[in-house]
Amino acid sequence: MKQFTGSSDDIFAMSLIRRTVETLWRPETMDADRRGQEMSAAFVALAAFKPQDEVEGMLAAQAVALHAAAMELARRAMISDQPHAVAQDYRNTMVKLSRGMIEVIDALDRKRGKSRPQIVRVERVTVQPGGQAIVGNVTSGAGAAVGGGGRHETEIEDEPHAPRARLAHDSAAGAVLPSLRSQDAEREPVLGASDARQGPLPAARRKKHRPAHR
């Protein structure tokens, strides 16, 4: 029985085989030959997993039971003259059983060390002035090489940015940045409410206007 259950213990092996066979759909109306064929198919399915110990034998038995149940529900979903909702429930449950069987097989592969390791690749992202981002290794110089080969750089350009001075006074963009201070040392005086009450400004503070040439 070890080729079917992975165990040399006769009690464990017979119990596992009996429980596996009991999960098969074998109605009383099924003839003896058909019942024998279903049992033989279960034995072949167990042996296909080639269990090496009791744990692998139990996983193989669960996979066979889930497969048998999923196939039976798929058969019932195809029966004619039944409500559509009932057939849809059969199909939905069949899909869940099929996924459960896949998970059991994956667990068996992980136990045997056959699972595919997950590889996570992390790269450095460097943001340069001007809104550009370089993904990967960053090298200096036009002829620098990465890893002994050619340069491996991927640039992602951001939206173009307007110059700061133009953006501050762009009529379309509006008052995005505060107005820049004029570079001219001579500035116009700003009148306040108190200055208006004090009367006209002294001659030294008045703005000189050049006569217009005719």
# chains A, B, ... in the order shown; residues from 1 in each chain; ligands from 1
>>> residues_around(residues="stretch 66-77 of chain A", least_positions_apart="2", cutoff="6 Å", atoms="only C-alpha atoms", output="list of chain:residue names")
A:Ala63, A:Val64, A:Ile79, A:Ala87, A:Tyr90, A:Met94, A:Leu97, A:Met101
>>> select_by_dssp(residues="stretch 19-110 of chain A", states="alpha helix (DSSP H)", output="ChimeraX atom specification")
/A:19-22,32-48,54-77,84-110
>>> write_last_selection(atoms="C-alpha atoms", output="PDB file, in the first residue's frame")
ATOM      1  CA  ARG A  19     -11.663   7.470   3.253  1.00  0.00           C
ATOM      2  CA  THR A  20     -10.591   8.408  -0.250  1.00  0.00           C
ATOM      3  CA  VAL A  21     -12.925   5.894  -1.852  1.00  0.00           C
ATOM      4  CA  GLU A  22     -15.833   7.059   0.326  1.00  0.00           C
ATOM      5  CA  ALA A  32     -20.848  -3.407  -9.566  1.00  0.00           C
ATOM      6  CA  ASP A  33     -18.575  -3.099 -12.580  1.00  0.00           C
ATOM      7  CA  ARG A  34     -18.906   0.669 -12.595  1.00  0.00           C
ATOM      8  CA  ARG A  35     -18.207   0.836  -8.878  1.00  0.00           C
ATOM      9  CA  GLY A  36     -15.086  -1.240  -9.332  1.00  0.00           C
ATOM     10  CA  GLN A  37     -13.889   1.049 -12.108  1.00  0.00           C
ATOM     11  CA  GLU A  38     -14.311   4.116  -9.913  1.00  0.00           C
ATOM     12  CA  MET A  39     -12.275   2.498  -7.145  1.00  0.00           C
ATOM     13  CA  SER A  40      -9.537   1.489  -9.571  1.00  0.00           C
ATOM     14  CA  ALA A  41      -9.398   5.039 -10.928  1.00  0.00           C
ATOM     15  CA  ALA A  42      -8.937   6.376  -7.372  1.00  0.00           C
ATOM     16  CA  PHE A  43      -6.026   3.982  -6.806  1.00  0.00           C
ATOM     17  CA  VAL A  44      -4.375   5.083 -10.048  1.00  0.00           C
ATOM     18  CA  ALA A  45      -4.824   8.747  -9.084  1.00  0.00           C
ATOM     19  CA  LEU A  46      -3.197   8.186  -5.688  1.00  0.00           C
ATOM     20  CA  ALA A  47      -0.271   6.351  -7.219  1.00  0.00           C
ATOM     21  CA  ALA A  48       0.241   9.178  -9.750  1.00  0.00           C
ATOM     22  CA  GLU A  54       2.258   9.918   5.244  1.00  0.00           C
ATOM     23  CA  VAL A  55       1.955  13.674   4.768  1.00  0.00           C
ATOM     24  CA  GLU A  56       2.313  13.392   1.016  1.00  0.00           C
ATOM     25  CA  GLY A  57      -0.183  10.536   1.069  1.00  0.00           C
ATOM     26  CA  MET A  58      -2.766  12.697   2.854  1.00  0.00           C
ATOM     27  CA  LEU A  59      -2.227  15.571   0.403  1.00  0.00           C
ATOM     28  CA  ALA A  60      -2.636  13.171  -2.505  1.00  0.00           C
ATOM     29  CA  ALA A  61      -5.875  11.830  -1.018  1.00  0.00           C
ATOM     30  CA  GLN A  62      -7.265  15.350  -0.593  1.00  0.00           C
ATOM     31  CA  ALA A  63      -6.416  16.207  -4.192  1.00  0.00           C
ATOM     32  CA  VAL A  64      -8.188  13.082  -5.463  1.00  0.00           C
ATOM     33  CA  ALA A  65     -11.266  13.807  -3.333  1.00  0.00           C
ATOM     34  CA  LEU A  66     -11.448  17.431  -4.494  1.00  0.00           C
ATOM     35  CA  HIS A  67     -11.097  16.370  -8.109  1.00  0.00           C
ATOM     36  CA  ALA A  68     -13.872  13.784  -7.796  1.00  0.00           C
ATOM     37  CA  ALA A  69     -16.242  16.280  -6.168  1.00  0.00           C
ATOM     38  CA  ALA A  70     -15.505  18.970  -8.759  1.00  0.00           C
ATOM     39  CA  MET A  71     -16.165  16.580 -11.639  1.00  0.00           C
ATOM     40  CA  GLU A  72     -19.427  15.418 -10.095  1.00  0.00           C
ATOM     41  CA  LEU A  73     -20.683  18.978  -9.698  1.00  0.00           C
ATOM     42  CA  ALA A  74     -19.693  19.728 -13.280  1.00  0.00           C
ATOM     43  CA  ARG A  75     -21.785  16.745 -14.370  1.00  0.00           C
ATOM     44  CA  ARG A  76     -24.797  17.890 -12.367  1.00  0.00           C
ATOM     45  CA  ALA A  77     -24.536  21.392 -13.800  1.00  0.00           C
ATOM     46  CA  HIS A  84     -30.491  28.130 -14.120  1.00  0.00           C
ATOM     47  CA  ALA A  85     -29.665  29.293 -10.586  1.00  0.00           C
ATOM     48  CA  VAL A  86     -29.124  25.703  -9.441  1.00  0.00           C
ATOM     49  CA  ALA A  87     -26.790  24.962 -12.347  1.00  0.00           C
ATOM     50  CA  GLN A  88     -24.889  28.165 -11.673  1.00  0.00           C
ATOM     51  CA  ASP A  89     -24.408  27.201  -8.021  1.00  0.00           C
ATOM     52  CA  TYR A  90     -23.003  23.857  -9.141  1.00  0.00           C
ATOM     53  CA  ARG A  91     -20.528  25.621 -11.433  1.00  0.00           C
ATOM     54  CA  ASN A  92     -19.441  28.120  -8.787  1.00  0.00           C
ATOM     55  CA  THR A  93     -18.838  25.381  -6.234  1.00  0.00           C
ATOM     56  CA  MET A  94     -16.974  23.343  -8.844  1.00  0.00           C
ATOM     57  CA  VAL A  95     -14.618  26.267  -9.459  1.00  0.00           C
ATOM     58  CA  LYS A  96     -13.905  26.562  -5.720  1.00  0.00           C
ATOM     59  CA  LEU A  97     -13.139  22.855  -5.483  1.00  0.00           C
ATOM     60  CA  SER A  98     -10.809  23.070  -8.487  1.00  0.00           C
ATOM     61  CA  ARG A  99      -8.914  25.938  -6.874  1.00  0.00           C
ATOM     62  CA  GLY A 100      -8.668  23.942  -3.668  1.00  0.00           C
ATOM     63  CA  MET A 101      -7.131  21.056  -5.571  1.00  0.00           C
ATOM     64  CA  ILE A 102      -4.542  23.398  -7.116  1.00  0.00           C
ATOM     65  CA  GLU A 103      -3.654  24.717  -3.661  1.00  0.00           C
ATOM     66  CA  VAL A 104      -3.165  21.178  -2.362  1.00  0.00           C
ATOM     67  CA  ILE A 105      -0.852  20.374  -5.276  1.00  0.00           C
ATOM     68  CA  ASP A 106       1.111  23.563  -4.624  1.00  0.00           C
ATOM     69  CA  ALA A 107       1.465  22.569  -0.962  1.00  0.00           C
ATOM     70  CA  LEU A 108       2.802  19.194  -2.050  1.00  0.00           C
ATOM     71  CA  ASP A 109       5.326  20.859  -4.357  1.00  0.00           C
ATOM     72  CA  ARG A 110       6.462  23.196  -1.566  1.00  0.00           C
TER      73      ARG A 110
END
>>> atom_distance(atom1="atom CA of A:Gln3", atom2="atom CA of A:Lys50")
6.4 Å
>>> atom_distance(atom1="atom CA of A:Pro27", atom2="atom CA of A:Ile11")
26.7 Å
>>> atom_distance(atom1="atom CA of A:Ser15", atom2="atom CA of A:Pro51")
15.6 Å
